[in-house]
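Q: For reference, this is data.cif, and it has mmCIF, N, CA and C atoms.
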data_query
#
loop_
_atom_site.label_atom_id
_atom_site.label_comp_id
_atom_site.auth_asym_id
_atom_site.auth_seq_id
_atom_site.Cartn_x
_atom_site.Cartn_y
_atom_site.Cartn_z
N VAL A 1 68.98 113.37 114.63
CA VAL A 1 70.37 113.78 114.74
C VAL A 1 71.14 113.21 113.55
N VAL A 2 71.88 114.05 112.87
CA VAL A 2 72.69 113.63 111.73
C VAL A 2 73.90 112.85 112.24
N LYS A 3 74.08 111.62 111.74
CA LYS A 3 75.19 110.79 112.18
C LYS A 3 76.34 110.78 111.19
N VAL A 4 76.04 111.07 109.91
CA VAL A 4 77.05 111.07 108.86
C VAL A 4 76.92 112.36 108.08
N ARG A 5 78.07 113.02 107.83
CA ARG A 5 78.08 114.26 107.06
C ARG A 5 78.95 114.03 105.82
N GLU A 6 78.34 114.13 104.63
CA GLU A 6 79.07 113.95 103.38
C GLU A 6 79.85 115.22 103.07
N LEU A 7 81.14 115.06 102.77
CA LEU A 7 82.01 116.19 102.45
C LEU A 7 82.21 116.34 100.95
N ASP A 8 82.27 115.22 100.22
CA ASP A 8 82.49 115.25 98.78
C ASP A 8 82.16 113.88 98.21
N ARG A 9 82.02 113.83 96.89
CA ARG A 9 81.82 112.55 96.20
C ARG A 9 82.40 112.64 94.81
N ALA A 10 82.75 111.48 94.25
CA ALA A 10 83.28 111.40 92.90
C ALA A 10 82.70 110.17 92.22
N LEU A 11 82.21 110.35 91.00
CA LEU A 11 81.73 109.24 90.19
C LEU A 11 82.94 108.60 89.53
N LEU A 12 83.23 107.35 89.85
CA LEU A 12 84.39 106.66 89.30
C LEU A 12 84.07 105.98 87.99
N SER A 13 82.88 105.39 87.88
CA SER A 13 82.45 104.76 86.63
C SER A 13 80.94 104.59 86.67
N SER A 14 80.37 104.47 85.46
CA SER A 14 78.92 104.26 85.39
C SER A 14 78.56 103.60 84.07
N SER A 15 77.47 102.88 84.11
CA SER A 15 76.86 102.29 82.92
C SER A 15 75.36 102.31 83.18
N SER A 16 74.60 101.71 82.30
CA SER A 16 73.15 101.71 82.52
C SER A 16 72.73 100.87 83.71
N ALA A 17 73.56 99.91 84.14
CA ALA A 17 73.19 99.01 85.22
C ALA A 17 74.07 99.11 86.46
N TRP A 18 75.25 99.75 86.35
CA TRP A 18 76.20 99.79 87.46
C TRP A 18 76.77 101.19 87.61
N ALA A 19 77.14 101.54 88.84
CA ALA A 19 77.84 102.80 89.11
C ALA A 19 78.77 102.58 90.29
N THR A 20 79.95 103.20 90.23
CA THR A 20 80.90 103.13 91.32
C THR A 20 81.22 104.55 91.76
N LEU A 21 81.04 104.82 93.05
CA LEU A 21 81.27 106.15 93.59
C LEU A 21 82.20 106.10 94.78
N ALA A 22 82.92 107.20 94.97
CA ALA A 22 83.75 107.39 96.16
C ALA A 22 83.13 108.53 96.96
N PHE A 23 82.95 108.32 98.25
CA PHE A 23 82.38 109.34 99.15
C PHE A 23 83.40 109.69 100.21
N LEU A 24 83.58 110.97 100.46
CA LEU A 24 84.37 111.46 101.58
C LEU A 24 83.37 111.92 102.63
N PHE A 25 83.49 111.42 103.86
CA PHE A 25 82.49 111.73 104.87
C PHE A 25 83.09 111.77 106.27
N GLU A 26 82.33 112.31 107.19
CA GLU A 26 82.66 112.30 108.62
C GLU A 26 81.51 111.64 109.36
N GLU A 27 81.84 110.96 110.47
CA GLU A 27 80.82 110.34 111.32
C GLU A 27 80.80 111.02 112.67
N ARG A 28 79.61 111.13 113.23
CA ARG A 28 79.46 111.70 114.56
C ARG A 28 79.78 110.62 115.60
N GLY A 29 80.66 110.94 116.52
CA GLY A 29 81.05 110.01 117.56
C GLY A 29 80.14 110.11 118.78
N PRO A 30 80.38 109.28 119.79
CA PRO A 30 79.57 109.31 121.00
C PRO A 30 79.65 110.65 121.73
N ASP A 31 80.73 111.39 121.49
CA ASP A 31 80.88 112.69 122.13
C ASP A 31 80.09 113.79 121.43
N GLY A 32 79.42 113.45 120.31
CA GLY A 32 78.61 114.41 119.58
C GLY A 32 79.36 115.18 118.52
N ALA A 33 80.69 115.04 118.47
CA ALA A 33 81.51 115.73 117.48
C ALA A 33 81.71 114.84 116.25
N PHE A 34 81.90 115.48 115.10
CA PHE A 34 82.19 114.72 113.88
C PHE A 34 83.66 114.35 113.85
N HIS A 35 83.95 113.12 113.42
CA HIS A 35 85.30 112.60 113.33
C HIS A 35 85.55 112.09 111.92
N GLY A 36 86.76 112.17 111.48
CA GLY A 36 87.09 111.71 110.14
C GLY A 36 88.14 112.63 109.56
N PRO A 37 88.21 112.76 108.30
CA PRO A 37 87.30 112.18 107.31
C PRO A 37 87.62 110.72 107.03
N ARG A 38 86.65 110.08 106.41
CA ARG A 38 86.77 108.69 105.97
C ARG A 38 86.38 108.62 104.51
N LEU A 39 86.79 107.53 103.86
CA LEU A 39 86.50 107.32 102.44
C LEU A 39 85.68 106.05 102.30
N SER A 40 84.63 106.12 101.52
CA SER A 40 83.83 104.93 101.25
C SER A 40 83.74 104.75 99.74
N LEU A 41 84.11 103.56 99.26
CA LEU A 41 83.93 103.20 97.86
C LEU A 41 82.69 102.33 97.79
N ARG A 42 81.75 102.70 96.93
CA ARG A 42 80.48 101.97 96.85
C ARG A 42 80.14 101.62 95.41
N ARG A 43 79.73 100.37 95.23
CA ARG A 43 79.34 99.85 93.92
C ARG A 43 77.83 99.66 93.96
N TYR A 44 77.12 100.37 93.08
CA TYR A 44 75.67 100.32 93.03
C TYR A 44 75.22 99.55 91.79
N ARG A 45 74.10 98.83 91.94
CA ARG A 45 73.48 98.11 90.84
C ARG A 45 72.05 98.61 90.68
N LYS A 46 71.65 98.83 89.46
CA LYS A 46 70.29 99.31 89.21
C LYS A 46 69.34 98.12 89.25
N ARG A 47 68.33 98.25 90.09
CA ARG A 47 67.28 97.23 90.20
C ARG A 47 65.95 97.93 90.01
N GLY A 48 65.32 97.71 88.88
CA GLY A 48 64.09 98.44 88.56
C GLY A 48 64.44 99.91 88.38
N LYS A 49 63.82 100.77 89.18
CA LYS A 49 64.10 102.20 89.11
C LYS A 49 64.99 102.68 90.25
N SER A 50 65.48 101.75 91.06
CA SER A 50 66.29 102.11 92.23
C SER A 50 67.73 101.64 92.07
N TRP A 51 68.65 102.35 92.75
CA TRP A 51 70.04 101.94 92.84
C TRP A 51 70.26 101.31 94.21
N VAL A 52 70.87 100.11 94.24
CA VAL A 52 71.09 99.35 95.46
C VAL A 52 72.59 99.13 95.65
N VAL A 53 73.09 99.34 96.87
CA VAL A 53 74.51 99.09 97.15
C VAL A 53 74.76 97.59 97.08
N GLU A 54 75.67 97.19 96.19
CA GLU A 54 76.05 95.78 96.06
C GLU A 54 77.28 95.47 96.91
N LYS A 55 78.26 96.38 96.90
CA LYS A 55 79.50 96.18 97.64
C LYS A 55 79.98 97.52 98.15
N HIS A 56 80.71 97.50 99.25
CA HIS A 56 81.28 98.75 99.75
C HIS A 56 82.52 98.45 100.57
N LEU A 57 83.39 99.45 100.62
CA LEU A 57 84.64 99.37 101.37
C LEU A 57 84.87 100.73 101.99
N THR A 58 85.19 100.76 103.28
CA THR A 58 85.45 102.02 103.96
C THR A 58 86.92 102.09 104.38
N ILE A 59 87.57 103.18 103.99
CA ILE A 59 88.93 103.48 104.41
C ILE A 59 88.77 104.39 105.62
N SER A 60 89.15 103.91 106.79
CA SER A 60 88.77 104.60 108.02
C SER A 60 89.83 105.52 108.62
N SER A 61 91.02 105.58 107.98
CA SER A 61 92.03 106.46 108.55
C SER A 61 92.80 107.18 107.44
N GLY A 62 93.37 108.30 107.79
CA GLY A 62 94.21 109.03 106.85
C GLY A 62 95.40 108.22 106.41
N ARG A 63 95.95 107.44 107.32
CA ARG A 63 97.10 106.60 106.99
C ARG A 63 96.73 105.59 105.90
N GLN A 64 95.59 104.92 106.05
CA GLN A 64 95.15 103.96 105.04
C GLN A 64 94.94 104.66 103.70
N ALA A 65 94.35 105.85 103.72
CA ALA A 65 94.10 106.59 102.49
C ALA A 65 95.41 106.95 101.78
N HIS A 66 96.42 107.36 102.54
CA HIS A 66 97.70 107.72 101.95
C HIS A 66 98.43 106.49 101.39
N VAL A 67 98.36 105.38 102.10
CA VAL A 67 98.98 104.15 101.60
C VAL A 67 98.29 103.73 100.30
N LEU A 68 96.97 103.81 100.25
CA LEU A 68 96.23 103.48 99.03
C LEU A 68 96.61 104.43 97.90
N ALA A 69 96.68 105.73 98.17
CA ALA A 69 97.04 106.71 97.15
C ALA A 69 98.44 106.43 96.60
N GLN A 70 99.38 106.09 97.47
CA GLN A 70 100.75 105.77 97.03
C GLN A 70 100.76 104.53 96.14
N ALA A 71 100.01 103.51 96.53
CA ALA A 71 99.95 102.29 95.73
C ALA A 71 99.33 102.57 94.36
N LEU A 72 98.25 103.34 94.32
CA LEU A 72 97.62 103.68 93.05
C LEU A 72 98.56 104.48 92.16
N ALA A 73 99.31 105.39 92.74
CA ALA A 73 100.27 106.18 91.97
C ALA A 73 101.36 105.29 91.37
N ARG A 74 101.78 104.25 92.10
CA ARG A 74 102.77 103.31 91.57
C ARG A 74 102.18 102.45 90.46
N TRP A 75 100.98 101.95 90.69
CA TRP A 75 100.35 101.02 89.75
C TRP A 75 99.87 101.71 88.47
N PHE A 76 99.46 102.97 88.60
CA PHE A 76 98.94 103.73 87.46
C PHE A 76 99.65 105.08 87.41
N PRO A 77 100.92 105.09 86.97
CA PRO A 77 101.70 106.33 87.03
C PRO A 77 101.19 107.44 86.12
N THR A 78 100.50 107.10 85.05
CA THR A 78 99.93 108.13 84.17
C THR A 78 98.47 107.79 83.92
N ALA A 79 97.68 108.83 83.78
CA ALA A 79 96.26 108.62 83.49
C ALA A 79 96.11 108.23 82.02
N PRO A 80 95.29 107.22 81.74
CA PRO A 80 95.09 106.85 80.34
C PRO A 80 94.34 107.97 79.61
N SER A 81 94.55 108.06 78.29
CA SER A 81 93.84 109.08 77.54
C SER A 81 92.34 108.82 77.62
N GLY A 82 91.58 109.89 77.73
CA GLY A 82 90.13 109.76 77.88
C GLY A 82 89.71 109.31 79.25
N ALA A 83 90.54 109.55 80.27
CA ALA A 83 90.24 109.11 81.63
C ALA A 83 89.20 110.04 82.24
N ASP A 84 87.93 109.77 81.92
CA ASP A 84 86.85 110.63 82.40
C ASP A 84 86.00 109.96 83.45
N GLY A 85 86.40 108.74 83.87
CA GLY A 85 85.66 108.07 84.93
C GLY A 85 84.48 107.26 84.44
N ASP A 86 84.30 107.14 83.12
CA ASP A 86 83.13 106.44 82.63
C ASP A 86 83.40 105.08 82.01
N ASP A 87 84.66 104.62 82.00
CA ASP A 87 84.90 103.31 81.40
C ASP A 87 84.79 102.23 82.46
N GLU A 88 84.45 101.05 82.05
CA GLU A 88 84.25 99.93 82.97
C GLU A 88 85.39 98.93 82.88
N THR A 89 86.54 99.30 82.34
CA THR A 89 87.64 98.36 82.21
C THR A 89 88.44 98.26 83.48
#
Could you quickly redo this structure as structure tokens?
A:
Amino acid sequence: VVKVRELDRALLSSSSAWATLAFLFEERGPDGAFHGPRLSLRRYRKRGKSWVVEKHLTISSGRQAHVLAQALARWFPTAPSGADGDDET
């Protein structure tokens, strides 16, 4: 039984050893229905030939997501030139 359904993903940054991704997903509840959506930010580290989750944070409600989006809009009112998601700064 599928417990998590991925709706979308975005690569936020990457290098040869690290990658940061955002996942939009739904989880199946005890009633069998999918609930969400939720947001997960995950930081991966390359170990050998595999990518391993080093850190993760889940935004579990629409309210949290909107508060985060508002804060990001205040903190970063304009996108820097060359904002392609590949810088590690």
Q: I want to know what sits within 5 Å of stretch 15-20 of chain A, based on all atoms listed in the file, with residues of the same chain fewer than 4 positions away left out; could you give that as a list in words?
A: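 The contact residues come out as Leu11, Arg42, Arg43, Tyr44, Arg45 and Lys46 of chain A.
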Q: Show me, as number ranges by chain, the residues that have an atom within 12 Å of A:Gly62 when counting only C-alpha atoms, minus same-chain residues fewer than 4 positions from it.
A: A: 24, 35-39, 58, 66-69
Q: Give me every helix (DSSP H, G or I) residue in stretch 4-87 of chain A, going by DSSP on the backbone, as number ranges by chain.
A: A: 62-75
Q: Taking the file above as input, evaluate the PyMOL selection byres ((chain A and resi 4) around 6.5) and report the hits as a PDB file with N, CA and C atoms, in the coordinates of the input.
A:
ATOM      1  N   VAL A   1      68.980 113.370 114.630  1.00  0.00           N
ATOM      2  CA  VAL A   1      70.370 113.780 114.740  1.00  0.00           C
ATOM      3  C   VAL A   1      71.140 113.210 113.550  1.00  0.00           C
ATOM      4  N   VAL A   2      71.880 114.050 112.870  1.00  0.00           N
ATOM      5  CA  VAL A   2      72.690 113.630 111.730  1.00  0.00           C
ATOM      6  C   VAL A   2      73.900 112.850 112.240  1.00  0.00           C
ATOM      7  N   LYS A   3      74.080 111.620 111.740  1.00  0.00           N
ATOM      8  CA  LYS A   3      75.190 110.790 112.180  1.00  0.00           C
ATOM      9  C   LYS A   3      76.340 110.780 111.190  1.00  0.00           C
ATOM     10  N   ARG A   5      78.070 113.020 107.830  1.00  0.00           N
ATOM     11  CA  ARG A   5      78.080 114.260 107.060  1.00  0.00           C
ATOM     12  C   ARG A   5      78.950 114.030 105.820  1.00  0.00           C
ATOM     13  N   GLU A   6      78.340 114.130 104.630  1.00  0.00           N
ATOM     14  CA  GLU A   6      79.070 113.950 103.380  1.00  0.00           C
ATOM     15  C   GLU A   6      79.850 115.220 103.070  1.00  0.00           C
ATOM     16  N   PHE A  25      83.490 111.420 103.860  1.00  0.00           N
ATOM     17  CA  PHE A  25      82.490 111.730 104.870  1.00  0.00           C
ATOM     18  C   PHE A  25      83.090 111.770 106.270  1.00  0.00           C
ATOM     19  N   GLU A  26      82.330 112.310 107.190  1.00  0.00           N
ATOM     20  CA  GLU A  26      82.660 112.300 108.620  1.00  0.00           C
ATOM     21  C   GLU A  26      81.510 111.640 109.360  1.00  0.00           C
ATOM     22  N   GLU A  27      81.840 110.960 110.470  1.00  0.00           N
ATOM     23  CA  GLU A  27      80.820 110.340 111.320  1.00  0.00           C
ATOM     24  C   GLU A  27      80.800 111.020 112.670  1.00  0.00           C
ATOM     25  N   ARG A  28      79.610 111.130 113.230  1.00  0.00           N
ATOM     26  CA  ARG A  28      79.460 111.700 114.560  1.00  0.00           C
ATOM     27  C   ARG A  28      79.780 110.620 115.600  1.00  0.00           C
TER      28      ARG A  28
END
Q: One decimal, Å: what's the distance from atom C of A:Glu54 over to atom CA of A:Leu21, could you say?
A: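 Pair atom C of A:Glu54 / atom CA of A:Leu21 returns 11.9 Å.
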Q: What is the atom N of A:Pro80 to atom N of A:Ser13 distance in Å?
A: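 It comes out at 14.0 Å.
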Q: For the structure I just gave you, how does DSSP split stretch 25-63 of chain A - specifically, which residues are strand (DSSP E or B)? Reply as a ChimeraX atom specification.
A: /A:25-28,34-47,50-59
Q: Could you save those same residues with N, CA and C atoms as a tab-separated table (two decimals), keeping the file's coordinate frame?
A:
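Now in out27.tsv:
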chain	number	residue	atom	x	y	z
A	25	PHE	N	83.49	111.42	103.86
A	25	PHE	CA	82.49	111.73	104.87
A	25	PHE	C	83.09	111.77	106.27
A	26	GLU	N	82.33	112.31	107.19
A	26	GLU	CA	82.66	112.30	108.62
A	26	GLU	C	81.51	111.64	109.36
A	27	GLU	N	81.84	110.96	110.47
A	27	GLU	CA	80.82	110.34	111.32
A	27	GLU	C	80.80	111.02	112.67
A	28	ARG	N	79.61	111.13	113.23
A	28	ARG	CA	79.46	111.70	114.56
A	28	ARG	C	79.78	110.62	115.60
A	34	PHE	N	81.90	115.48	115.10
A	34	PHE	CA	82.19	114.72	113.88
A	34	PHE	C	83.66	114.35	113.85
A	35	HIS	N	83.95	113.12	113.42
A	35	HIS	CA	85.30	112.60	113.33
A	35	HIS	C	85.55	112.09	111.92
A	36	GLY	N	86.76	112.17	111.48
A	36	GLY	CA	87.09	111.71	110.14
A	36	GLY	C	88.14	112.63	109.56
A	37	PRO	N	88.21	112.76	108.30
A	37	PRO	CA	87.30	112.18	107.31
A	37	PRO	C	87.62	110.72	107.03
A	38	ARG	N	86.65	110.08	106.41
A	38	ARG	CA	86.77	108.69	105.97
A	38	ARG	C	86.38	108.62	104.51
A	39	LEU	N	86.79	107.53	103.86
A	39	LEU	CA	86.50	107.32	102.44
A	39	LEU	C	85.68	106.05	102.30
A	40	SER	N	84.63	106.12	101.52
A	40	SER	CA	83.83	104.93	101.25
A	40	SER	C	83.74	104.75	99.74
A	41	LEU	N	84.11	103.56	99.26
A	41	LEU	CA	83.93	103.20	97.86
A	41	LEU	C	82.69	102.33	97.79
A	42	ARG	N	81.75	102.70	96.93
A	42	ARG	CA	80.48	101.97	96.85
A	42	ARG	C	80.14	101.62	95.41
A	43	ARG	N	79.73	100.37	95.23
A	43	ARG	CA	79.34	99.85	93.92
A	43	ARG	C	77.83	99.66	93.96
A	44	TYR	N	77.12	100.37	93.08
A	44	TYR	CA	75.67	100.32	93.03
A	44	TYR	C	75.22	99.55	91.79
A	45	ARG	N	74.10	98.83	91.94
A	45	ARG	CA	73.48	98.11	90.84
A	45	ARG	C	72.05	98.61	90.68
A	46	LYS	N	71.65	98.83	89.46
A	46	LYS	CA	70.29	99.31	89.21
A	46	LYS	C	69.34	98.12	89.25
A	47	ARG	N	68.33	98.25	90.09
A	47	ARG	CA	67.28	97.23	90.20
A	47	ARG	C	65.95	97.93	90.01
A	50	SER	N	65.48	101.75	91.06
A	50	SER	CA	66.29	102.11	92.23
A	50	SER	C	67.73	101.64	92.07
A	51	TRP	N	68.65	102.35	92.75
A	51	TRP	CA	70.04	101.94	92.84
A	51	TRP	C	70.26	101.31	94.21
A	52	VAL	N	70.87	100.11	94.24
A	52	VAL	CA	71.09	99.35	95.46
A	52	VAL	C	72.59	99.13	95.65
A	53	VAL	N	73.09	99.34	96.87
A	53	VAL	CA	74.51	99.09	97.15
A	53	VAL	C	74.76	97.59	97.08
A	54	GLU	N	75.67	97.19	96.19
A	54	GLU	CA	76.05	95.78	96.06
A	54	GLU	C	77.28	95.47	96.91
A	55	LYS	N	78.26	96.38	96.90
A	55	LYS	CA	79.50	96.18	97.64
A	55	LYS	C	79.98	97.52	98.15
A	56	HIS	N	80.71	97.50	99.25
A	56	HIS	CA	81.28	98.75	99.75
A	56	HIS	C	82.52	98.45	100.57
A	57	LEU	N	83.39	99.45	100.62
A	57	LEU	CA	84.64	99.37	101.37
A	57	LEU	C	84.87	100.73	101.99
A	58	THR	N	85.19	100.76	103.28
A	58	THR	CA	85.45	102.02	103.96
A	58	THR	C	86.92	102.09	104.38
A	59	ILE	N	87.57	103.18	103.99
A	59	ILE	CA	88.93	103.48	104.41
A	59	ILE	C	88.77	104.39	105.62
